[in-house]
>>> print(open('upload-v4.cif').read())   # mmCIF, C-alpha atoms
data_target
#
loop_
_atom_site.group_PDB
_atom_site.id
_atom_site.type_symbol
_atom_site.label_atom_id
_atom_site.label_comp_id
_atom_site.auth_asym_id
_atom_site.auth_seq_id
_atom_site.Cartn_x
_atom_site.Cartn_y
_atom_site.Cartn_z
ATOM 1 C CA MET U 8 3.093 37.004 11.185
ATOM 2 C CA LYS U 9 4.215 33.368 11.069
ATOM 3 C CA LYS U 10 2.622 31.104 8.478
ATOM 4 C CA LYS U 11 0.066 28.519 9.460
ATOM 5 C CA TYR U 12 0.039 25.122 7.779
ATOM 6 C CA LEU U 13 -2.336 22.291 6.899
ATOM 7 C CA CYS U 14 -0.127 19.255 7.443
ATOM 8 C CA HIS U 15 0.122 15.602 6.527
ATOM 9 C CA VAL U 16 2.835 13.448 8.091
ATOM 10 C CA ASP U 17 4.632 10.294 7.055
ATOM 11 C CA PHE U 18 6.841 9.322 9.953
ATOM 12 C CA PHE U 19 9.052 6.956 7.972
ATOM 13 C CA GLY U 20 9.760 9.828 5.582
ATOM 14 C CA LEU U 21 10.796 11.976 8.544
ATOM 15 C CA TYR U 22 13.035 9.122 9.714
ATOM 16 C CA ASN U 23 14.764 9.165 6.319
ATOM 17 C CA ILE U 24 15.158 12.933 6.143
ATOM 18 C CA PHE U 25 16.105 13.578 9.773
ATOM 19 C CA SER U 26 17.807 10.245 10.562
ATOM 20 C CA ASN U 27 20.313 11.957 12.896
ATOM 21 C CA LYS U 28 17.486 13.062 15.193
ATOM 22 C CA PHE U 29 16.122 9.547 15.656
ATOM 23 C CA GLU U 30 18.339 8.504 18.512
ATOM 24 C CA LYS U 31 16.076 9.313 21.410
ATOM 25 C CA LYS U 32 13.182 7.070 22.381
ATOM 26 C CA ASN U 33 10.399 9.633 22.566
ATOM 27 C CA LEU U 34 9.060 9.997 19.039
ATOM 28 C CA LYS U 35 6.664 12.796 19.948
ATOM 29 C CA ASN U 36 9.616 14.903 21.129
ATOM 30 C CA ILE U 37 11.462 14.122 17.907
ATOM 31 C CA PHE U 38 8.424 15.291 15.922
ATOM 32 C CA ASN U 39 8.298 18.536 17.911
ATOM 33 C CA GLU U 40 12.042 19.053 17.387
ATOM 34 C CA ILE U 41 11.574 18.661 13.645
ATOM 35 C CA LEU U 42 8.795 21.275 13.660
ATOM 36 C CA GLU U 43 11.070 23.586 15.618
ATOM 37 C CA GLU U 44 13.936 23.106 13.146
ATOM 38 C CA LEU U 45 11.564 23.913 10.292
ATOM 39 C CA GLU U 46 10.372 26.980 12.275
ATOM 40 C CA ILE U 47 6.802 25.763 12.213
ATOM 41 C CA GLU U 48 4.632 26.859 15.091
ATOM 42 C CA THR U 49 0.993 26.769 14.100
ATOM 43 C CA ILE U 50 -0.178 23.581 12.479
ATOM 44 C CA TYR U 51 -3.392 21.929 11.461
ATOM 45 C CA LEU U 52 -2.621 18.221 11.446
ATOM 46 C CA ALA U 53 -4.885 15.866 9.485
ATOM 47 C CA THR U 54 -6.763 13.545 11.870
ATOM 48 C CA PHE U 55 -9.327 12.108 9.465
ATOM 49 C CA ASN U 56 -11.902 9.589 10.628
ATOM 50 C CA TYR U 57 -14.192 7.871 8.104
ATOM 51 C CA ASP U 58 -16.829 6.469 10.519
ATOM 52 C CA PHE U 59 -19.400 9.099 9.500
ATOM 53 C CA LEU U 60 -19.341 7.851 5.903
ATOM 54 C CA ARG U 61 -19.464 4.179 6.983
ATOM 55 C CA ILE U 62 -21.804 4.127 9.989
ATOM 56 C CA GLY U 63 -23.387 7.586 10.022
ATOM 57 C CA LYS U 64 -22.001 8.857 13.285
ATOM 58 C CA THR U 65 -18.933 10.555 14.655
ATOM 59 C CA LYS U 66 -17.916 13.071 17.292
ATOM 60 C CA TYR U 67 -15.752 16.102 17.963
ATOM 61 C CA GLY U 68 -12.155 14.934 18.368
ATOM 62 C CA ALA U 69 -12.834 11.505 16.844
ATOM 63 C CA LYS U 70 -9.778 9.254 16.951
ATOM 64 C CA SER U 71 -7.656 9.773 13.876
ATOM 65 C CA GLN U 72 -7.655 6.833 11.481
ATOM 66 C CA LEU U 73 -4.518 8.068 9.768
ATOM 67 C CA ASN U 74 -1.355 7.194 11.684
ATOM 68 C CA GLU U 75 -0.189 6.907 15.273
ATOM 69 C CA ILE U 76 1.658 10.250 15.400
ATOM 70 C CA THR U 77 -1.589 12.034 14.524
ATOM 71 C CA ARG U 78 -3.339 10.209 17.397
ATOM 72 C CA ILE U 79 -0.562 11.224 19.786
ATOM 73 C CA ILE U 80 -0.629 14.881 18.734
ATOM 74 C CA GLN U 81 -4.447 15.130 18.826
ATOM 75 C CA LYS U 82 -4.391 14.077 22.498
ATOM 76 C CA GLN U 83 -2.213 17.060 23.504
ATOM 77 C CA LYS U 84 -4.068 19.545 25.660
ATOM 78 C CA SER U 85 -2.976 22.513 23.569
ATOM 79 C CA PHE U 86 -4.700 21.042 20.491
ATOM 80 C CA LYS U 87 -8.346 21.417 19.537
ATOM 81 C CA HIS U 88 -10.230 19.947 16.575
ATOM 82 C CA THR U 89 -11.779 21.559 13.535
ATOM 83 C CA PHE U 90 -15.370 20.863 12.531
ATOM 84 C CA ASP U 91 -15.711 18.302 9.789
ATOM 85 C CA PRO U 92 -17.445 14.934 10.268
ATOM 86 C CA VAL U 93 -14.723 13.257 8.179
ATOM 87 C CA PHE U 94 -11.774 15.471 7.255
ATOM 88 C CA SER U 95 -11.080 17.021 10.632
ATOM 89 C CA PHE U 96 -7.710 18.435 11.674
ATOM 90 C CA CYS U 97 -6.294 19.005 15.141
ATOM 91 C CA THR U 98 -4.710 22.377 15.650
ATOM 92 C CA ASN U 99 -2.778 24.522 18.090
ATOM 93 C CA ASP U 100 -4.100 27.662 16.359
ATOM 94 C CA LYS U 101 -5.606 29.869 19.058
ATOM 95 C CA ASP U 102 -7.529 31.852 16.435
ATOM 96 C CA TYR U 103 -9.582 28.910 15.168
ATOM 97 C CA LYS U 104 -13.145 28.793 16.461
ATOM 98 C CA ILE U 105 -15.318 25.765 15.875
ATOM 99 C CA LYS U 106 -18.769 26.186 14.376
ATOM 100 C CA ILE U 107 -21.181 23.301 13.780
ATOM 101 C CA ILE U 108 -22.652 23.475 10.284
ATOM 102 C CA LYS U 109 -25.802 21.394 9.824
ATOM 103 C CA ASN U 110 -25.659 21.312 6.042
ATOM 104 C CA PHE U 111 -21.991 20.899 5.365
ATOM 105 C CA GLU U 112 -20.123 20.528 2.143
ATOM 106 C CA SER U 113 -16.749 18.880 2.433
ATOM 107 C CA PHE U 114 -14.154 21.246 0.949
ATOM 108 C CA GLY U 115 -16.912 23.853 0.430
ATOM 109 C CA GLU U 116 -17.512 27.400 1.619
ATOM 110 C CA ASP U 117 -17.553 26.520 5.356
ATOM 111 C CA SER U 118 -14.700 24.037 5.251
ATOM 112 C CA LEU U 119 -11.329 24.438 6.906
ATOM 113 C CA TYR U 120 -9.779 24.451 3.423
ATOM 114 C CA ASN U 121 -11.693 27.578 2.478
ATOM 115 C CA TYR U 122 -10.816 29.168 5.844
ATOM 116 C CA ALA U 123 -7.169 28.276 5.188
ATOM 117 C CA LEU U 124 -7.310 29.777 1.699
ATOM 118 C CA LYS U 125 -8.836 33.016 2.990
ATOM 119 C CA ASN U 126 -6.232 33.192 5.777
ATOM 120 C CA ASN U 127 -3.330 32.591 3.426
ATOM 121 C CA MET U 128 -2.261 29.310 5.027
ATOM 122 C CA GLU U 129 -0.154 26.765 3.169
ATOM 123 C CA TYR U 130 -0.132 23.021 2.596
ATOM 124 C CA LEU U 131 2.792 21.291 4.244
ATOM 125 C CA HIS U 132 3.772 17.675 3.680
ATOM 126 C CA LEU U 133 6.155 16.288 6.268
ATOM 127 C CA GLY U 134 7.940 13.197 4.973
ATOM 128 C CA THR U 135 5.413 12.094 2.349
ATOM 129 C CA ASN U 136 6.486 10.439 -0.903
ATOM 130 C CA HIS U 137 5.339 10.697 -4.530
ATOM 131 C CA ASP U 138 2.543 8.200 -3.989
ATOM 132 C CA PHE U 139 0.759 10.433 -1.518
ATOM 133 C CA ILE U 140 -1.924 12.800 -2.716
ATOM 134 C CA SER U 141 -3.393 15.107 -0.126
ATOM 135 C CA THR U 142 -7.040 16.034 0.202
ATOM 136 C CA GLY U 143 -5.933 19.371 -1.233
ATOM 137 C CA ILE U 144 -6.847 17.818 -4.577
ATOM 138 C CA HIS U 145 -10.516 17.632 -3.447
ATOM 139 C CA PHE U 146 -10.440 21.316 -2.550
ATOM 140 C CA ALA U 147 -8.969 22.168 -5.954
ATOM 141 C CA GLU U 148 -11.847 20.193 -7.509
ATOM 142 C CA LYS U 149 -14.286 22.755 -6.113
ATOM 143 C CA PHE U 150 -13.011 25.169 -8.762
ATOM 144 C CA PHE U 151 -13.795 23.139 -11.875
ATOM 145 C CA ASP U 152 -16.343 20.706 -13.279
ATOM 146 C CA VAL U 153 -15.308 17.249 -12.040
ATOM 147 C CA LYS U 154 -16.166 14.516 -14.524
ATOM 148 C CA TYR U 155 -14.650 11.535 -12.705
ATOM 149 C CA ARG U 156 -16.369 11.658 -9.279
ATOM 150 C CA TYR U 157 -19.966 12.293 -8.288
ATOM 151 C CA LYS U 158 -21.734 14.165 -5.521
ATOM 152 C CA LYS U 159 -23.275 12.130 -2.729
ATOM 153 C CA ARG U 160 -25.237 13.092 0.363
ATOM 154 C CA PHE U 161 -24.552 11.445 3.716
ATOM 155 C CA ILE U 162 -26.779 12.015 6.745
ATOM 156 C CA GLY U 163 -25.638 11.245 10.270
ATOM 157 C CA ASN U 164 -24.913 12.416 13.788
ATOM 158 C CA TYR U 165 -22.030 14.542 14.993
ATOM 159 C CA LYS U 166 -21.647 14.612 18.761
ATOM 160 C CA PHE U 167 -20.340 17.860 20.232
ATOM 161 C CA LYS U 168 -20.399 18.722 23.943
ATOM 162 C CA ASN U 169 -22.740 15.782 24.704
ATOM 163 C CA LYS U 170 -25.238 16.899 22.094
ATOM 164 C CA ASN U 171 -26.035 14.971 18.925
ATOM 165 C CA ASN U 172 -26.266 17.205 15.859
ATOM 166 C CA LYS U 173 -27.904 15.886 12.716
ATOM 167 C CA ILE U 174 -25.592 16.735 9.848
ATOM 168 C CA ILE U 175 -26.167 16.590 6.119
ATOM 169 C CA TYR U 176 -22.754 15.999 4.617
ATOM 170 C CA ASN U 177 -22.264 16.609 0.918
ATOM 171 C CA HIS U 178 -19.197 14.942 -0.448
ATOM 172 C CA THR U 179 -17.816 14.023 -3.870
ATOM 173 C CA VAL U 180 -16.870 10.358 -4.162
ATOM 174 C CA TRP U 181 -15.395 7.828 -6.556
ATOM 175 C CA PRO U 182 -18.061 5.740 -8.291
ATOM 176 C CA MET U 183 -19.165 2.645 -6.398
ATOM 177 C CA THR U 184 -17.478 0.043 -8.577
ATOM 178 C CA LYS U 185 -14.828 -2.621 -8.366
ATOM 179 C CA LYS U 186 -13.048 -0.982 -11.266
ATOM 180 C CA PHE U 187 -9.790 0.850 -10.590
ATOM 181 C CA CYS U 188 -10.469 4.365 -9.238
ATOM 182 C CA ARG U 189 -7.467 6.375 -8.265
ATOM 183 C CA TYR U 190 -5.631 9.645 -8.708
ATOM 184 C CA ASP U 191 -2.264 9.599 -10.430
ATOM 185 C CA ALA U 192 -0.422 10.866 -7.358
ATOM 186 C CA LYS U 193 3.028 10.247 -8.815
ATOM 187 C CA LYS U 194 2.329 12.280 -11.959
ATOM 188 C CA ILE U 195 0.632 15.119 -10.075
ATOM 189 C CA ASN U 196 3.422 15.390 -7.491
ATOM 190 C CA ASN U 197 6.128 15.256 -10.167
ATOM 191 C CA ASP U 198 4.413 18.024 -12.140
ATOM 192 C CA LEU U 199 3.848 20.147 -9.019
ATOM 193 C CA ILE U 200 7.525 19.869 -8.083
ATOM 194 C CA LYS U 201 8.807 20.405 -11.638
ATOM 195 C CA ASP U 202 6.712 23.559 -12.021
ATOM 196 C CA GLY U 203 7.596 24.898 -8.583
ATOM 197 C CA VAL U 204 4.133 24.648 -7.054
ATOM 198 C CA TRP U 205 5.526 22.359 -4.374
ATOM 199 C CA ASP U 206 8.373 24.235 -2.740
ATOM 200 C CA VAL U 207 10.715 21.419 -1.671
ATOM 201 C CA LEU U 208 12.446 22.302 1.605
ATOM 202 C CA LYS U 209 14.197 18.957 2.084
ATOM 203 C CA SER U 210 14.203 15.549 0.424
ATOM 204 C CA LYS U 211 15.898 12.196 0.773
ATOM 205 C CA ASN U 212 15.310 8.719 -0.689
ATOM 206 C CA GLY U 213 12.049 9.831 -2.320
ATOM 207 C CA PHE U 214 10.603 11.440 0.819
ATOM 208 C CA TYR U 215 9.897 15.160 0.978
ATOM 209 C CA ILE U 216 9.340 18.153 3.189
ATOM 210 C CA LYS U 217 7.399 20.362 0.843
ATOM 211 C CA LYS U 218 4.945 23.210 1.010
ATOM 212 C CA SER U 219 2.607 25.002 -1.324
ATOM 213 C CA LYS U 220 0.428 28.081 -1.354
ATOM 214 C CA ILE U 221 -3.160 26.850 -1.488
ATOM 215 C CA LYS U 222 -4.248 29.328 -4.173
ATOM 216 C CA VAL U 223 -1.299 28.460 -6.409
ATOM 217 C CA PHE U 224 -1.997 24.733 -5.918
ATOM 218 C CA ASN U 225 -5.674 25.166 -6.848
ATOM 219 C CA ASN U 226 -4.940 27.313 -9.895
ATOM 220 C CA TYR U 227 -2.325 24.868 -11.152
ATOM 221 C CA ILE U 228 -4.702 21.877 -10.996
ATOM 222 C CA LYS U 229 -7.490 23.990 -12.531
ATOM 223 C CA GLU U 230 -5.278 24.961 -15.467
ATOM 224 C CA LYS U 231 -4.194 21.355 -16.025
ATOM 225 C CA VAL U 232 -7.834 20.228 -16.017
ATOM 226 C CA LYS U 233 -8.709 22.916 -18.573
ATOM 227 C CA ASN U 234 -6.445 21.103 -21.051
ATOM 228 C CA ASP U 235 -7.335 17.599 -19.915
ATOM 229 C CA PRO U 236 -10.493 17.025 -17.826
ATOM 230 C CA PHE U 237 -9.031 13.716 -16.613
ATOM 231 C CA TYR U 238 -5.611 15.124 -15.712
ATOM 232 C CA PRO U 239 -5.700 14.127 -11.994
ATOM 233 C CA VAL U 240 -6.856 10.589 -12.708
ATOM 234 C CA HIS U 241 -4.687 7.478 -13.081
ATOM 235 C CA LYS U 242 -4.364 6.063 -16.616
ATOM 236 C CA LYS U 243 -6.087 2.789 -15.652
ATOM 237 C CA THR U 244 -9.045 4.784 -14.303
ATOM 238 C CA GLN U 245 -9.120 7.031 -17.366
ATOM 239 C CA THR U 246 -9.280 4.039 -19.694
ATOM 240 C CA TRP U 247 -12.469 2.504 -18.335
ATOM 241 C CA MET U 248 -14.078 5.859 -17.502
ATOM 242 C CA LYS U 249 -13.615 7.353 -20.949
ATOM 243 C CA LYS U 250 -15.173 4.248 -22.491
ATOM 244 C CA PHE U 251 -18.026 4.370 -19.984
ATOM 245 C CA LEU U 252 -18.592 8.073 -20.592
ATOM 246 C CA LYS U 253 -18.883 7.738 -24.351
ATOM 247 C CA ASP U 254 -22.348 9.343 -24.509
ATOM 248 C CA LYS U 255 -22.396 10.916 -21.070
ATOM 249 C CA LYS U 256 -21.121 14.217 -19.746
ATOM 250 C CA ARG U 257 -19.749 12.980 -16.424
ATOM 251 C CA ILE U 258 -19.781 10.096 -13.975
ATOM 252 C CA SER U 259 -23.024 10.244 -11.989
ATOM 253 C CA LEU U 260 -24.476 8.525 -8.952
ATOM 254 C CA GLU U 261 -27.482 7.099 -10.849
ATOM 255 C CA ASN U 262 -25.149 4.959 -12.946
ATOM 256 C CA PHE U 263 -23.575 3.251 -9.940
ATOM 257 C CA GLU U 264 -25.941 3.394 -6.962
ATOM 258 C CA ASN U 265 -29.691 2.957 -6.497
ATOM 259 C CA MET I 7 19.536 -14.826 18.843
ATOM 260 C CA ARG I 8 19.145 -11.506 16.969
ATOM 261 C CA GLU I 9 16.355 -12.981 14.848
ATOM 262 C CA LYS I 10 14.515 -14.082 18.003
ATOM 263 C CA LYS I 11 14.800 -10.592 19.470
ATOM 264 C CA ILE I 12 13.500 -9.052 16.240
ATOM 265 C CA GLN I 13 10.661 -11.565 16.254
ATOM 266 C CA SER I 14 9.551 -10.506 19.712
ATOM 267 C CA ILE I 15 9.806 -6.784 18.764
ATOM 268 C CA LEU I 16 7.567 -7.478 15.776
ATOM 269 C CA GLU I 17 5.009 -9.480 17.733
ATOM 270 C CA LYS I 18 4.775 -6.735 20.338
ATOM 271 C CA ASN I 19 4.426 -3.825 17.916
ATOM 272 C CA LEU I 20 2.336 -5.464 15.216
ATOM 273 C CA ASN I 21 0.168 -7.523 17.543
ATOM 274 C CA VAL I 22 0.515 -10.680 15.446
ATOM 275 C CA LYS I 23 1.918 -14.160 15.949
ATOM 276 C CA LEU I 24 4.820 -14.503 13.577
ATOM 277 C CA ASN I 25 4.851 -18.223 12.860
ATOM 278 C CA LYS I 26 1.776 -17.949 10.613
ATOM 279 C CA ASN I 27 2.201 -14.423 9.298
ATOM 280 C CA LYS I 28 5.771 -14.038 8.062
ATOM 281 C CA ASN I 29 4.669 -13.617 4.461
ATOM 282 C CA VAL I 30 2.001 -11.040 5.163
ATOM 283 C CA LYS I 31 2.480 -7.650 3.517
ATOM 284 C CA LEU I 32 2.893 -4.900 6.117
ATOM 285 C CA THR I 33 0.310 -2.692 4.457
ATOM 286 C CA GLU I 34 -2.299 -5.421 5.023
ATOM 287 C CA LEU I 35 -1.879 -5.230 8.810
ATOM 288 C CA LYS I 36 -4.403 -3.264 10.828
ATOM 289 C CA ASN I 37 -1.859 -2.008 13.368
ATOM 290 C CA TYR I 38 0.747 -0.942 10.865
ATOM 291 C CA ASP I 39 1.636 2.600 9.855
ATOM 292 C CA SER I 40 4.744 4.699 9.294
ATOM 293 C CA PHE I 41 4.997 5.504 13.014
ATOM 294 C CA THR I 42 4.948 1.795 13.971
ATOM 295 C CA LEU I 43 7.584 1.133 11.319
ATOM 296 C CA VAL I 44 9.908 3.735 12.858
ATOM 297 C CA LYS I 45 9.251 2.343 16.372
ATOM 298 C CA ILE I 46 10.197 -1.161 15.188
ATOM 299 C CA ILE I 47 13.337 0.110 13.429
ATOM 300 C CA MET I 48 14.485 1.966 16.537
ATOM 301 C CA GLU I 49 13.909 -1.052 18.756
ATOM 302 C CA ILE I 50 15.864 -3.272 16.354
ATOM 303 C CA GLU I 51 18.666 -0.697 16.268
ATOM 304 C CA SER I 52 18.807 -0.701 20.038
ATOM 305 C CA ILE I 53 19.622 -4.462 20.085
ATOM 306 C CA ASP I 54 23.244 -3.718 19.195
ATOM 307 C CA LYS I 55 23.069 0.089 19.261
ATOM 308 C CA LYS I 56 23.865 0.305 15.532
ATOM 309 C CA LYS I 57 22.033 2.304 12.886
ATOM 310 C CA ILE I 58 20.505 0.240 10.095
ATOM 311 C CA PRO I 59 21.402 1.695 6.666
ATOM 312 C CA LEU I 60 18.470 3.434 5.010
ATOM 313 C CA ASN I 61 18.877 1.471 1.768
ATOM 314 C CA LYS I 62 18.072 -1.722 3.705
ATOM 315 C CA LEU I 63 15.021 -0.143 5.340
ATOM 316 C CA ASN I 64 13.524 0.982 2.068
ATOM 317 C CA LYS I 65 13.243 -2.659 0.972
ATOM 318 C CA ILE I 66 10.922 -3.779 3.756
ATOM 319 C CA PHE I 67 7.557 -4.874 2.396
ATOM 320 C CA LYS I 68 6.685 -8.078 4.251
ATOM 321 C CA ILE I 69 7.025 -9.062 7.910
ATOM 322 C CA LYS I 70 9.794 -11.540 7.076
ATOM 323 C CA ASP I 71 11.918 -8.706 5.588
ATOM 324 C CA PHE I 72 12.497 -7.379 9.120
ATOM 325 C CA LEU I 73 14.042 -10.667 10.208
ATOM 326 C CA LYS I 74 16.959 -10.153 7.801
ATOM 327 C CA LEU I 75 17.968 -6.835 9.376
#
>>> encode(input="upload-v4.cif", output="structure tokens")
Amino acid sequence: MKKKYLCHVDFFGLYNIFSNKFEKKNLKNIFNEILEELEIETIYLATFNYDFLRIGKTKYGAKSQLNEITRIIQKQKSFKHTFDPVFSFCTNDKDYKIKIIKNFESFGEDSLYNYALKNNMEYLHLGTNHDFISTGIHFAEKFFDVKYRYKKRFIGNYKFKNKNNKIIYNHTVWPMTKKFCRYDAKKINNDLIKDGVWDVLKSKNGFYIKKSKIKVFNNYIKEKVKNDPFYPVHKKTQTWMKKFLKDKKRISLENFEN
Amino acid sequence: MREKKIQSILEKNLNVKLNKNKNVKLTELKNYDSFTLVKIIMEIESIDKKKIPLNKLNKIFKIKDFLKL
């Protein structure tokens, strides 16, 4: 059986890696040709939309706020959308069946990430660079005690087939502060490549086609965090957080929001 | 002539007037993403049907950087 992939795309990266293909005008066709060359058939393409977190409402098939290629692909008739008020994917996987979950935990038991893990899917980055960290890191965080983000509950509406569904959405967020809060994407990606967790299929000028088994990815991050609880976090973030956490166990909502 | 053509490609794809925005960083633009970047590059390449070397493209950070291509 052919592998299925959870994908993120950076089109400029694809332009660098497959520059010879970029002679035709139709960029959607070029994207499909690239998938064909990589022998990728079934994809879940990230089409995230953050309206639910900002304004408390969203809908099935909400317009992707990532990049234009994701908006083009999500409009294709052969693609449907996965359930998640924020981190939804569009997919051509005929086996996927949507289910509305009223009390939903992003990256939790009912998430696409868990479904992907159980079904032995893989992460696939198409043209991304070292500065890109996928939401896979949030899924990995479900397997250890996260000290640098806190749990927050969002309540809002998710419209599906003309019906509004009230959804409680539990998500882990960066603290609400003007201080620097970021992952150290460069370090994490370098380590993942060096230790063979990212299987690099192609690369050029700092852009990559790379894939990873989800379980291996999770275990790797978990092991790193065992040695250093702040491993995923950027040095600038670590500096202020460690000072702030002097007498506390972890970052918590009460310290940043009323 | 070439600069004028590039200018009109940029205004069309980025939805901005160039005279005031040449120094704006691309990442600060609402309509900008990697797909738009590739569209702009391909339209610039089609002016004289020549490929732009990748090393030049990897140095584009502000709107005005396109005008030098």
>>> interface_residues(input="upload-v4.cif", of="chain U", to="chain I", cutoff="9 Å", atoms="all atoms listed in the file", output="list of chain:residue names")
U:Asp17, U:Phe18, U:Phe19, U:Gly20, U:Tyr22, U:Asn23, U:Ser26, U:Phe29, U:Glu30, U:Lys31, U:Lys32, U:Leu34, U:Leu73, U:Asn74, U:Glu75, U:Ile76, U:Asn212
>>> residues_around(input="upload-v4.cif", residues="segment 13-20 of chain I", least_positions_apart="2", cutoff="10 Å", atoms="all atoms listed in the file", output="list in words")
Met7, Arg8, Glu9, Lys10, Lys11, Val22, Lys23, Leu24, Asn25, Lys28, Leu32, Leu35, Lys36, Asn37, Tyr38, Asp39, Thr42, Leu43, Lys45, Ile46, Ile47, Glu49, Ile50, Ile69, Lys70, Phe72 and Leu73 of chain I
>>> write_last_selection(input="upload-v4.cif", atoms="C-alpha atoms", output="mmCIF file, keeping the file's coordinate frame")
data_model
loop_
_atom_site.group_PDB
_atom_site.id
_atom_site.type_symbol
_atom_site.label_atom_id
_atom_site.label_comp_id
_atom_site.auth_asym_id
_atom_site.auth_seq_id
_atom_site.Cartn_x
_atom_site.Cartn_y
_atom_site.Cartn_z
ATOM 1 C CA MET I 7 19.536 -14.826 18.843
ATOM 2 C CA ARG I 8 19.145 -11.506 16.969
ATOM 3 C CA GLU I 9 16.355 -12.981 14.848
ATOM 4 C CA LYS I 10 14.515 -14.082 18.003
ATOM 5 C CA LYS I 11 14.800 -10.592 19.470
ATOM 6 C CA VAL I 22 0.515 -10.680 15.446
ATOM 7 C CA LYS I 23 1.918 -14.160 15.949
ATOM 8 C CA LEU I 24 4.820 -14.503 13.577
ATOM 9 C CA ASN I 25 4.851 -18.223 12.860
ATOM 10 C CA LYS I 28 5.771 -14.038 8.062
ATOM 11 C CA LEU I 32 2.893 -4.900 6.117
ATOM 12 C CA LEU I 35 -1.879 -5.230 8.810
ATOM 13 C CA LYS I 36 -4.403 -3.264 10.828
ATOM 14 C CA ASN I 37 -1.859 -2.008 13.368
ATOM 15 C CA TYR I 38 0.747 -0.942 10.865
ATOM 16 C CA ASP I 39 1.636 2.600 9.855
ATOM 17 C CA THR I 42 4.948 1.795 13.971
ATOM 18 C CA LEU I 43 7.584 1.133 11.319
ATOM 19 C CA LYS I 45 9.251 2.343 16.372
ATOM 20 C CA ILE I 46 10.197 -1.161 15.188
ATOM 21 C CA ILE I 47 13.337 0.110 13.429
ATOM 22 C CA GLU I 49 13.909 -1.052 18.756
ATOM 23 C CA ILE I 50 15.864 -3.272 16.354
ATOM 24 C CA ILE I 69 7.025 -9.062 7.910
ATOM 25 C CA LYS I 70 9.794 -11.540 7.076
ATOM 26 C CA PHE I 72 12.497 -7.379 9.120
ATOM 27 C CA LEU I 73 14.042 -10.667 10.208
#
>>> residues_around(input="upload-v4.cif", residues="segment 163-176 of chain U", least_positions_apart="3", cutoff="8 Å", atoms="all atoms listed in the file", output="CSV table (one decimal) with C-alpha atoms, in the frame of the given file")
chain,number,residue,atom,x,y,z
U,59,PHE,CA,-19.4,9.1,9.5
U,63,GLY,CA,-23.4,7.6,10.0
U,64,LYS,CA,-22.0,8.9,13.3
U,65,THR,CA,-18.9,10.6,14.7
U,66,LYS,CA,-17.9,13.1,17.3
U,67,TYR,CA,-15.8,16.1,18.0
U,92,PRO,CA,-17.4,14.9,10.3
U,108,ILE,CA,-22.7,23.5,10.3
U,109,LYS,CA,-25.8,21.4,9.8
U,110,ASN,CA,-25.7,21.3,6.0
U,111,PHE,CA,-22.0,20.9,5.4
U,112,GLU,CA,-20.1,20.5,2.1
U,113,SER,CA,-16.7,18.9,2.4
U,160,ARG,CA,-25.2,13.1,0.4
>>> residues_around(input="upload-v4.cif", residues="segment 248-262 of chain U", least_positions_apart="3", cutoff="10 Å", atoms="all atoms listed in the file", output="PyMOL selection string")
chain U and resi 152-159+180-183+186-188+237+240+242-245+265
>>> atom_distance(input="upload-v4.cif", atom1="atom CA of Thr98 of chain U", atom2="atom CA of Phe55 of chain U")
12.8 Å
>>> atom_distance(input="upload-v4.cif", atom1="atom CA of Ala123 of chain U", atom2="atom CA of Val223 of chain U")
13.0 Å
>>> residues_around(input="upload-v4.cif", residues="segment 78-88 of chain U", least_positions_apart="4", cutoff="6 Å", atoms="only C-alpha atoms", output="PyMOL selection string")
chain U and resi 68+71+96-99
>>> atom_distance(input="upload-v4.cif", atom1="atom CA of Gln72 of chain U", atom2="atom CA of Asp91 of chain U")
14.1 Å
>>> residues_around(input="upload-v4.cif", residues="Phe114 of chain U", least_positions_apart="3", cutoff="12 Å", atoms="all atoms listed in the file", output="ChimeraX atom specification")
/U:90-95,111,117-124,142-150,176-179
>>> write_last_selection(input="upload-v4.cif", atoms="C-alpha atoms", output="short mmCIF file (atom, residue, chain, number, x, y, z; two decimals), in the frame of the given file")
data_model
loop_
_atom_site.label_atom_id
_atom_site.label_comp_id
_atom_site.auth_asym_id
_atom_site.auth_seq_id
_atom_site.Cartn_x
_atom_site.Cartn_y
_atom_site.Cartn_z
CA PHE U 90 -15.37 20.86 12.53
CA ASP U 91 -15.71 18.30 9.79
CA PRO U 92 -17.44 14.93 10.27
CA VAL U 93 -14.72 13.26 8.18
CA PHE U 94 -11.77 15.47 7.26
CA SER U 95 -11.08 17.02 10.63
CA PHE U 111 -21.99 20.90 5.36
CA ASP U 117 -17.55 26.52 5.36
CA SER U 118 -14.70 24.04 5.25
CA LEU U 119 -11.33 24.44 6.91
CA TYR U 120 -9.78 24.45 3.42
CA ASN U 121 -11.69 27.58 2.48
CA TYR U 122 -10.82 29.17 5.84
CA ALA U 123 -7.17 28.28 5.19
CA LEU U 124 -7.31 29.78 1.70
CA THR U 142 -7.04 16.03 0.20
CA GLY U 143 -5.93 19.37 -1.23
CA ILE U 144 -6.85 17.82 -4.58
CA HIS U 145 -10.52 17.63 -3.45
CA PHE U 146 -10.44 21.32 -2.55
CA ALA U 147 -8.97 22.17 -5.95
CA GLU U 148 -11.85 20.19 -7.51
CA LYS U 149 -14.29 22.76 -6.11
CA PHE U 150 -13.01 25.17 -8.76
CA TYR U 176 -22.75 16.00 4.62
CA ASN U 177 -22.26 16.61 0.92
CA HIS U 178 -19.20 14.94 -0.45
CA THR U 179 -17.82 14.02 -3.87
#
>>> resolve_selection(input="upload-v4.cif", expression="the PyMOL selection byres ((chain U and resi 213) around 9)", output="number ranges by chain")
U: 20, 135-137, 210-212, 214-215
>>> closest_residue(input="upload-v4.cif", among="I:Asn21, I:Glu34, I:Ile12, I:Lys26", to="Lys68 of chain I", atoms="only C-alpha atoms")
I:Glu34
>>> resolve_selection(input="upload-v4.cif", expression="the PyMOL selection byres ((chain U and resi 193-201) around 9)", output="list in words")
Asn136, His137, Asp138, Phe139, Ile140, Tyr190, Asp191, Ala192, Asp202, Gly203, Val204, Trp205, Asp206, Val207, Lys217, Phe224, Tyr227, Ile228, Tyr238, Pro239 and His241 of chain U
